[in-house]
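Student: One structure coming up, written as structure tokens, with questions to follow.
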Amino acid sequence: MAASKRRAAPSRARRSTRRTASESAPQESRGFWNYPRREHTGLHRWLPSWRVVLGTFIGGMFLVLGAGAAAFAFIDPPSPLAEAKFETTTVYFAGDQPGQPGPVMGTFAEQRREIVDYGTLPAHIGQAVAAGEDKTFFTNRGVSITGMARAFINNIQGKPTQGGSTLTQQYVERYYQNTTTDYLGKAKEAILAIKIAQSESKEEIMGRYLNTIYFGRDSYGIQAAAKSYFGKNAAELTVSEAAMLAALIPSPNNWDPAVAPEKSQQRWGLVLDSMVDSGWLSAEERAAQTFPATIPFQQSETYRGPNGFLLEMVENELLATKMWTAGELRTRGLDIITTIDPAVQHMAVESAEALRAGQLSDGEPPNERLRVSVVSVDPATGGIVALYGGPDYLTDAKNTATFDEIQAGSTFKPFTLVTALQQGISLSKKYDGSSPQRFPEWDGGKVDVQNYGNKGAGTIDLVEATANSVNTVYAALNIEVGPENTAKTAEAAGITTPLTTVPSNVLGSDHVRPLDMAGAYATFAAQGVRRAPHILQVVLDNDDQVAWQPDTTGTNAFPADVMADATYAMTQVVERGSGKAQINKLDRPIAGKTGTSSFNKSAWFVGYVPQLATAVALSQQGQDGKSLDTISEWGDYKEITGSSYPAVLWADYMGKVFTHPKYQEVQDFPARANIGGKATPTPTQTETATPEPTPEEPAQPADVQVPGGLVNRTEADASGVLQGAGLVAAVVTEQSQTVPKGRVIRAEPGEGATLPAGSTVTLVVSSGPPPPPQPSPTPAPSTSPSAPPVEPPGGGEDAGGGA
């Protein structure tokens with residue numbers, strides 16, 4: 001064999017001689033973890049090796065899995081939450097001492113629930129609910145890892161909070177434990193959901209869920225909901241109806257079709273689309289669905305009578321604190337003490353009902369569509385002491401004190417007066433009170449500004465102008481101080497409705513709420529300190545601990561000297577002006593203001609003593625339920641102005657209130673401050689020369705004929721024609737298919753009729769065509785109805801007519 005060419009390996013001895021000294025030195029074993037890393041220096045010494053990272057990760061995984069396994073082993077489903085544990089929330093009138101309860105006003109406890117067997121329900125009910133809440137319900141194991149992860153990432157990124165709960169988790173939350181919001185609670189909820197999904201069938205879970213969930217309209221469970229919304233049993237619900245109820249679940253009170261029809265229909269469509277995606281509904285069946293009509297909500301007897309308006313206000317104000325949900329209000333066992341004095345509330349209801357029954361007139365009752373509001377506010381706290389919002393909440397849920405928006409008339413003039421006083425204008429400053437007058441700033445000088453009855457008042461100061469509600473003086477004053485400043489003063493006092501900044505706002509052309517007016521005048525009574533009107537005095541939890549109470553500190557809206565002068569001027573309304581005939585007989589210092597709107601569609605008296613401010617407002621709803629008619633005359637008055645029945649009702653009610661021990665003491669207002677200079681004494685003859693105001697127009701010289709050409713004119717144009725002929729316009733609305741809304745259908749008496757000058761001619765004005773014949777749902781109990789259409793501004797010759 002030929003010799004190999006490969007070199008022979010060096011001997012073991014030769015190889016050993018090549019090792020360096022460092023290599024030959026003994027090395028310390030680094031071990032598996034090798035941390036800190038001794039073979040490195042500086043920062044690298046402290047960076048973990050891949051072994052450390054891997055080991056830590058694996059160890060952490062085992063710890064998490066171990067903790068999860070332990071939690072899964074030791075957490076067992078608790079007993080279901082029993083309905084017997086739910087506590088009634090009780091609402092009380094105010095007691096004799098602050099924070100103490102008086103008589104019971106009502107309760108929030110009726111969980112209208114009827115348990116039904118899931119097996120008796122059509123399959124599309126459960127499918128609709130699953131489509132809206134959890135499409136994978138019938139196949140998942142109780143939780144959705146992807147849903148929870150998505151919600152967690154979304155929440156930690158600061159985006160709007162999301163929930164990743166399956167329907168089973170919602171069921172656990174509502175049926176077995178209280179609401180949970182923290183991550184630990186959600187983790188426990190997920191474990192319970194997995195366990196319950198293993199021990200309970202999907203049908204059992206869905207059935208209990210359907211019998212537990214809140215659907216709005218005081219309805220708990222699918223059976224009560226079916227009756228509340230559709231007047232039928234749950235077993236009779238159609239696919240469309242079931243989808244609508246399923247769409248309500250996330251926010252039932254807000255998405256009720258009676259409250260938010262567009263939102264409700266949008267959600268309904270999403271549920272149906274989801275049913276198609278899940279294979280529970282075909283595309284053809286989906287296309288055939290129409291949005292179901294609901295029936296009007298029938299409130300429980302809790303809301304029967306005038307107290308129903310108070311309870312609705314309690315509920316709305318409590319929910320506005322965002323401390324409780326509508327469901328918790330009915331199950332948390334709260335004690336709610338209101339600001340409503342039971343004795344004063346009884347007096348308000350008694351006087352308002354007496355007016356409606358004709359007992360404050362000659363026995364003749366007013367028009368059945370007359371709307372009466374009485375509301376009293378405590379200036380020291382802002383608490384609503386009494387409120388009459390109508391005879392029966394269940395008959396008409398629109399609260400006349402908080403819902404109605406009507407023209408303020410001359411009750412708006414004090415806001416201009418306060419504005420002037422703040423600018424240093426004295427009550428003693430004199431103005432031309434002749435009537436009529438035109439001002440370049442008032443509709444370009446093309447419109448007459450007239451006093452009530454077109455009576456001239458000569459050159460008078462602001463005290464006289466306030467006492468007798470002289471429009472021409474206040475028109476000039478508003479132009480001087482700036483109508484935008486008048487609006488700002490009204491807002492600072494407590495008016496919350498939108499206000500215009502035109503010169504005619506001084507005559508009350510803007511629409512306001514009676515509660516706001518009572519609150520604004522309470523600001524005057526409190527010497528410029530504004531406190532928001534409220535009905536909640538204190539809320540106690542089921543351990544009798546204070547859970548919430550309002551801040552009654554107030555804010556300084558106006559200086560005290562401004563309030564003193566404004567109050568003095570308004571006392572003259574009662575002592576020698578438009579309020580003298582009815583209010584002065586109460587024989588104590590009272591400040592106030594009458595008010596009458598355009599076409600006598602609203603009439604007011606708002607007044608105050610140091611301890612209490614009260615607003616009385618009358619209006620008359622049109623036959624369409626939305627528009628306002630001229631208030632029909634009745635009893636002792638041929639024209640309903642502020643100095644007529646509003647003053648009569650205010651005097652009757654407050655006369656009773658002044659017998660109450662809390663309000664019996666006669667308190668004086670602060671003395672006149674004389675802003676802008678010393679007061680000029682009012683000559684004695686001025687007071688005697690001023691005739692006592694009367695709600696009737698002064699006699700006219702001759703008979704006149706009703707002019708022609710009124711039909712199809714606008715309400716304002718036709719009124720102007722009648723005024724030019726020496727007649728007074730009254731407005732009544734009527735539905736019409738042919739005459740456009742806001743146009744005159746006919747006049748009564750008609751064209752050519754001969755009447756004494758100053759007589760009233762009724763203009764029948766179109767309110768538009770009648771609505772289509774379909775159910776008209778009413779609002780849910782915890783949501784205020786939508787506001788009626790706002791009429792054009794009043795202003796002009798009739799607004800704030802001094803009566």
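So you can find residues: chains in the structure tokens are A, B, ... in the order shown, residues in each start at 1, and ligands are numbered from 1 in order.
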Excluding Leu370 in chain A and any residue of its chain fewer than 6 positions from it, enumerate the residues within 10 Å of it, using only C-alpha atoms, and give them as a PDB file with N, CA and C atoms, in the first residue's frame.
Tutor:
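After the write, around32.pdb holds the following:
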ATOM      1  N   ARG A 356    -108.659  75.586  38.251  1.00  0.00           N
ATOM      2  CA  ARG A 356    -109.140  74.747  37.154  1.00  0.00           C
ATOM      3  C   ARG A 356    -110.610  74.392  37.316  1.00  0.00           C
ATOM      4  N   LEU A 618     -99.789  80.719  33.180  1.00  0.00           N
ATOM      5  CA  LEU A 618    -100.914  80.110  32.475  1.00  0.00           C
ATOM      6  C   LEU A 618    -100.641  80.127  30.979  1.00  0.00           C
ATOM      7  N   SER A 619    -101.054  79.081  30.295  1.00  0.00           N
ATOM      8  CA  SER A 619    -101.029  79.035  28.836  1.00  0.00           C
ATOM      9  C   SER A 619    -102.120  78.073  28.404  1.00  0.00           C
ATOM     10  N   GLN A 620    -102.380  78.027  27.115  1.00  0.00           N
ATOM     11  CA  GLN A 620    -103.450  77.149  26.622  1.00  0.00           C
ATOM     12  C   GLN A 620    -102.937  76.363  25.429  1.00  0.00           C
ATOM     13  N   GLN A 621    -102.937  75.074  25.568  1.00  0.00           N
ATOM     14  CA  GLN A 621    -102.437  74.190  24.525  1.00  0.00           C
ATOM     15  C   GLN A 621    -103.419  74.115  23.372  1.00  0.00           C
ATOM     16  N   GLY A 622    -102.880  74.143  22.140  1.00  0.00           N
ATOM     17  CA  GLY A 622    -103.731  74.004  20.967  1.00  0.00           C
ATOM     18  C   GLY A 622    -104.294  72.596  20.853  1.00  0.00           C
ATOM     19  N   LEU A 628     -99.761  76.766  20.778  1.00  0.00           N
ATOM     20  CA  LEU A 628    -100.427  77.491  21.853  1.00  0.00           C
ATOM     21  C   LEU A 628    -101.499  78.386  21.274  1.00  0.00           C
ATOM     22  N   ASP A 629    -102.648  78.369  21.911  1.00  0.00           N
ATOM     23  CA  ASP A 629    -103.755  79.252  21.541  1.00  0.00           C
ATOM     24  C   ASP A 629    -103.781  80.456  22.466  1.00  0.00           C
ATOM     25  N   ILE A 631    -105.317  82.340  25.357  1.00  0.00           N
ATOM     26  CA  ILE A 631    -106.023  81.790  26.510  1.00  0.00           C
ATOM     27  C   ILE A 631    -107.477  82.234  26.458  1.00  0.00           C
ATOM     28  N   SER A 632    -108.370  81.271  26.459  1.00  0.00           N
ATOM     29  CA  SER A 632    -109.800  81.581  26.363  1.00  0.00           C
ATOM     30  C   SER A 632    -110.259  82.340  27.602  1.00  0.00           C
TER      31      SER A 632
END
Student: Do you know which residues are at most 8 Å from range 99-109 of chain A counting only C-alpha atoms, after dropping those on the same chain fewer than 3 positions away, and could you put them as a count of residues only?
Tutor: 20
Student: Within 12 Å of Thr659 in chain A, counting only C-alpha atoms, which residues qualify if same-chain residues fewer than 4 places away don't, as a ChimeraX atom specification?
Tutor: /A:343-344,347,586,652-655,663-666
Student: Restricting it to C-alpha atoms, dump the selection as a PDB file, in the first residue's frame.
Tutor:
ATOM      1  CA  ALA A 343     -97.916  71.388  53.581  1.00  0.00           C
ATOM      2  CA  VAL A 344     -96.868  73.973  50.995  1.00  0.00           C
ATOM      3  CA  MET A 347    -101.497  74.420  49.200  1.00  0.00           C
ATOM      4  CA  LEU A 586    -101.780  90.171  51.298  1.00  0.00           C
ATOM      5  CA  ASP A 652    -104.750  82.646  46.817  1.00  0.00           C
ATOM      6  CA  TYR A 653    -101.813  80.247  47.084  1.00  0.00           C
ATOM      7  CA  MET A 654     -99.357  82.553  48.826  1.00  0.00           C
ATOM      8  CA  GLY A 655    -102.066  83.739  51.201  1.00  0.00           C
ATOM      9  CA  TYR A 663     -93.280  81.808  56.260  1.00  0.00           C
ATOM     10  CA  GLN A 664     -95.580  83.533  58.740  1.00  0.00           C
ATOM     11  CA  GLU A 665     -93.003  86.111  59.836  1.00  0.00           C
ATOM     12  CA  VAL A 666     -93.204  89.354  57.859  1.00  0.00           C
TER      13      VAL A 666
END
Student: Could you check which of A:Val349, A:Leu334, A:Leu763, A:Ala247 is closest to Arg713 in chain A, using only C-alpha atoms?
Tutor: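 Using only C-alpha atoms, the shortest distance to Arg713 in chain A belongs to A:Leu763.
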Student: Can you pull out every residue from range 412-512 of chain A that DSSP, working from the backbone, puts in strand (DSSP E), and format the result as a list in words?
Tutor: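 Listing strand (DSSP E) positions across range 412-512 of chain A yields Lys430, Tyr431, Asp432, Thr459, Ile460, Asp461, His511 and Val512 of chain A.
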Student: Given the selection you just returned, output its residues as a file containing N, CA and C atoms, formatted as a short mmCIF file (atom, residue, chain, number, x, y, z; two decimals), in the first residue's frame.
Tutor:
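For reference, again.cif as written:
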data_model
loop_
_atom_site.label_atom_id
_atom_site.label_comp_id
_atom_site.auth_asym_id
_atom_site.auth_seq_id
_atom_site.Cartn_x
_atom_site.Cartn_y
_atom_site.Cartn_z
N LYS A 430 -85.46 109.67 34.09
CA LYS A 430 -86.78 109.79 33.48
C LYS A 430 -86.72 109.50 31.98
N TYR A 431 -87.83 108.96 31.49
CA TYR A 431 -87.95 108.59 30.08
C TYR A 431 -89.33 108.99 29.58
N ASP A 432 -89.42 109.06 28.25
CA ASP A 432 -90.69 109.39 27.60
C ASP A 432 -91.58 108.15 27.58
N THR A 459 -93.70 111.76 30.98
CA THR A 459 -92.30 111.58 31.35
C THR A 459 -92.24 111.01 32.76
N ILE A 460 -91.70 109.82 32.87
CA ILE A 460 -91.73 109.11 34.16
C ILE A 460 -90.36 108.50 34.43
N ASP A 461 -90.12 108.14 35.71
CA ASP A 461 -88.86 107.48 36.06
C ASP A 461 -89.03 105.97 35.97
N HIS A 511 -88.91 82.50 24.90
CA HIS A 511 -89.63 81.46 25.62
C HIS A 511 -88.81 80.99 26.83
N VAL A 512 -89.46 80.87 27.95
CA VAL A 512 -88.79 80.47 29.19
C VAL A 512 -89.65 79.43 29.90
#
Student: What's the 7 Å shell around Asp392 in chain A, counting only C-alpha atoms, without same-chain residues fewer than 6 positions away, as a PyMOL selection string?
Tutor: chain A and resi 304-306
Student: Generate a file of the selected residues that holds N, CA and C atoms, formatted as a PDB file, in the first residue's frame.
Tutor:
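File result-v3.pdb, as written:
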ATOM      1  N   ARG A 304     -99.170  58.309  39.757  1.00  0.00           N
ATOM      2  CA  ARG A 304    -100.534  58.846  39.675  1.00  0.00           C
ATOM      3  C   ARG A 304    -100.625  60.208  40.341  1.00  0.00           C
ATOM      4  N   GLY A 305    -101.361  61.164  39.716  1.00  0.00           N
ATOM      5  CA  GLY A 305    -101.650  62.461  40.310  1.00  0.00           C
ATOM      6  C   GLY A 305    -100.514  63.461  40.187  1.00  0.00           C
ATOM      7  N   PRO A 306    -100.625  64.605  40.848  1.00  0.00           N
ATOM      8  CA  PRO A 306     -99.588  65.644  40.780  1.00  0.00           C
ATOM      9  C   PRO A 306     -98.231  65.187  41.308  1.00  0.00           C
TER      10      PRO A 306
END
Student: Determine, counting only C-alpha atoms, which protein, DNA and RNA residues have an atom within 10 Å of an atom of Ser644 in chain A; residues of the same chain fewer than 3 positions away are not included. Present the result as a short mmCIF file (atom, residue, chain, number, x, y, z; two decimals) with N, CA and C atoms, in the first residue's frame.
Tutor:
data_model
loop_
_atom_site.label_atom_id
_atom_site.label_comp_id
_atom_site.auth_asym_id
_atom_site.auth_seq_id
_atom_site.Cartn_x
_atom_site.Cartn_y
_atom_site.Cartn_z
N SER A 578 -99.47 97.32 38.41
CA SER A 578 -100.32 96.33 37.75
C SER A 578 -100.68 95.15 38.64
N GLY A 579 -99.94 94.93 39.75
CA GLY A 579 -100.26 93.82 40.64
C GLY A 579 -101.03 94.22 41.88
N ALA A 581 -104.19 95.22 42.56
CA ALA A 581 -105.56 94.79 42.83
C ALA A 581 -105.62 93.44 43.56
N GLN A 582 -104.74 92.51 43.19
CA GLN A 582 -104.81 91.17 43.76
C GLN A 582 -103.76 90.92 44.84
N THR A 594 -95.99 91.33 36.77
CA THR A 594 -96.97 90.70 35.89
C THR A 594 -96.36 90.54 34.51
N ALA A 603 -99.67 84.10 30.36
CA ALA A 603 -99.91 85.14 31.36
C ALA A 603 -99.24 84.72 32.66
N TRP A 604 -98.55 85.68 33.31
CA TRP A 604 -97.69 85.37 34.45
C TRP A 604 -97.93 86.32 35.62
N PHE A 605 -97.64 85.81 36.79
CA PHE A 605 -97.24 86.65 37.91
C PHE A 605 -96.11 85.92 38.63
N ASP A 636 -114.53 86.09 35.50
CA ASP A 636 -114.61 87.52 35.77
C ASP A 636 -113.85 88.38 34.78
N TYR A 637 -113.05 87.78 33.90
CA TYR A 637 -112.18 88.57 33.02
C TYR A 637 -112.47 88.26 31.56
N LYS A 638 -112.50 89.32 30.77
CA LYS A 638 -112.71 89.16 29.33
C LYS A 638 -111.39 89.01 28.58
N GLU A 639 -110.30 89.19 29.27
CA GLU A 639 -108.98 89.01 28.67
C GLU A 639 -108.06 88.51 29.77
N ILE A 640 -107.33 87.43 29.46
CA ILE A 640 -106.48 86.80 30.47
C ILE A 640 -105.08 87.40 30.37
N THR A 641 -104.78 88.29 31.31
CA THR A 641 -103.48 88.95 31.37
C THR A 641 -102.82 88.59 32.71
N ALA A 647 -102.39 86.55 38.86
CA ALA A 647 -102.30 87.26 40.14
C ALA A 647 -103.30 86.71 41.15
N VAL A 648 -104.50 86.35 40.66
CA VAL A 648 -105.51 85.76 41.55
C VAL A 648 -104.99 84.46 42.15
N LEU A 649 -104.42 83.60 41.31
CA LEU A 649 -103.92 82.32 41.79
C LEU A 649 -102.72 82.52 42.72
N THR A 694 -106.53 97.63 35.03
CA THR A 694 -107.61 96.68 34.81
C THR A 694 -107.29 95.86 33.59
N PRO A 695 -107.61 94.62 33.56
CA PRO A 695 -107.27 93.78 32.42
C PRO A 695 -108.09 94.08 31.18
N GLU A 696 -109.01 94.99 31.24
CA GLU A 696 -109.84 95.27 30.09
C GLU A 696 -109.30 96.48 29.33
N ALA A 803 -100.08 94.16 31.78
CA ALA A 803 -101.16 93.64 32.61
C ALA A 803 -100.64 92.63 33.58
#
Student: Using only C-alpha atoms, which residues sit within 9 Å of range 265-281 of chain A once same-chain residues fewer than 2 positions away are excluded, as a PyMOL selection string?
Tutor: chain A and resi 124+127-133+135-136+239-240+243-248+255+257+260-263+283-286+289+291
Student: For C-alpha atoms, I'd like the residues from the last selection saved as a compact mmCIF listing (two decimals), in the first residue's frame.
Tutor:
# COMPACT_ATOMS: atom_id res chain seq x y z
CA HIS A 124 -85.89 33.78 17.35
CA GLN A 127 -81.30 34.28 18.64
CA ALA A 128 -82.04 38.01 18.45
CA VAL A 129 -80.57 38.60 21.90
CA ALA A 130 -77.48 36.57 21.06
CA ALA A 131 -77.13 38.45 17.77
CA GLY A 132 -77.14 41.76 19.63
CA GLU A 133 -75.01 40.76 22.62
CA LYS A 135 -73.07 36.03 18.33
CA THR A 136 -70.97 33.08 19.51
CA VAL A 239 -88.84 38.42 14.76
CA SER A 240 -89.00 42.18 14.25
CA ALA A 243 -84.96 42.29 17.47
CA MET A 244 -86.18 45.66 18.72
CA LEU A 245 -86.21 44.48 22.34
CA ALA A 246 -82.77 42.94 21.93
CA ALA A 247 -81.51 46.24 20.55
CA LEU A 248 -82.57 48.03 23.76
CA TRP A 255 -82.89 53.86 23.07
CA PRO A 257 -88.33 54.22 20.31
CA ALA A 260 -84.84 58.12 20.29
CA PRO A 261 -86.68 56.57 17.31
CA GLU A 262 -83.75 56.96 14.90
CA LYS A 263 -81.23 55.38 17.27
CA ALA A 283 -81.60 37.67 3.47
CA GLU A 284 -85.15 37.46 2.11
CA GLU A 285 -86.64 37.29 5.60
CA ARG A 286 -84.46 40.23 6.68
CA GLN A 289 -88.91 43.01 8.26
CA PHE A 291 -89.74 48.39 12.29
Student: Find the distance between CA of Pro292 in chain A and CA of Arg217 in chain A and write it in Å to one decimal.
Tutor: 16.7 Å
Student: With a distance cut-off of 9 Å and only C-alpha atoms, select the neighbouring residues of Gly750 in chain A, excluding the residue or stretch itself and same-chain residues fewer than 2 positions from it, and output the selection as a ChimeraX atom specification.
Tutor: /A:706-708,746-748,752-753,761
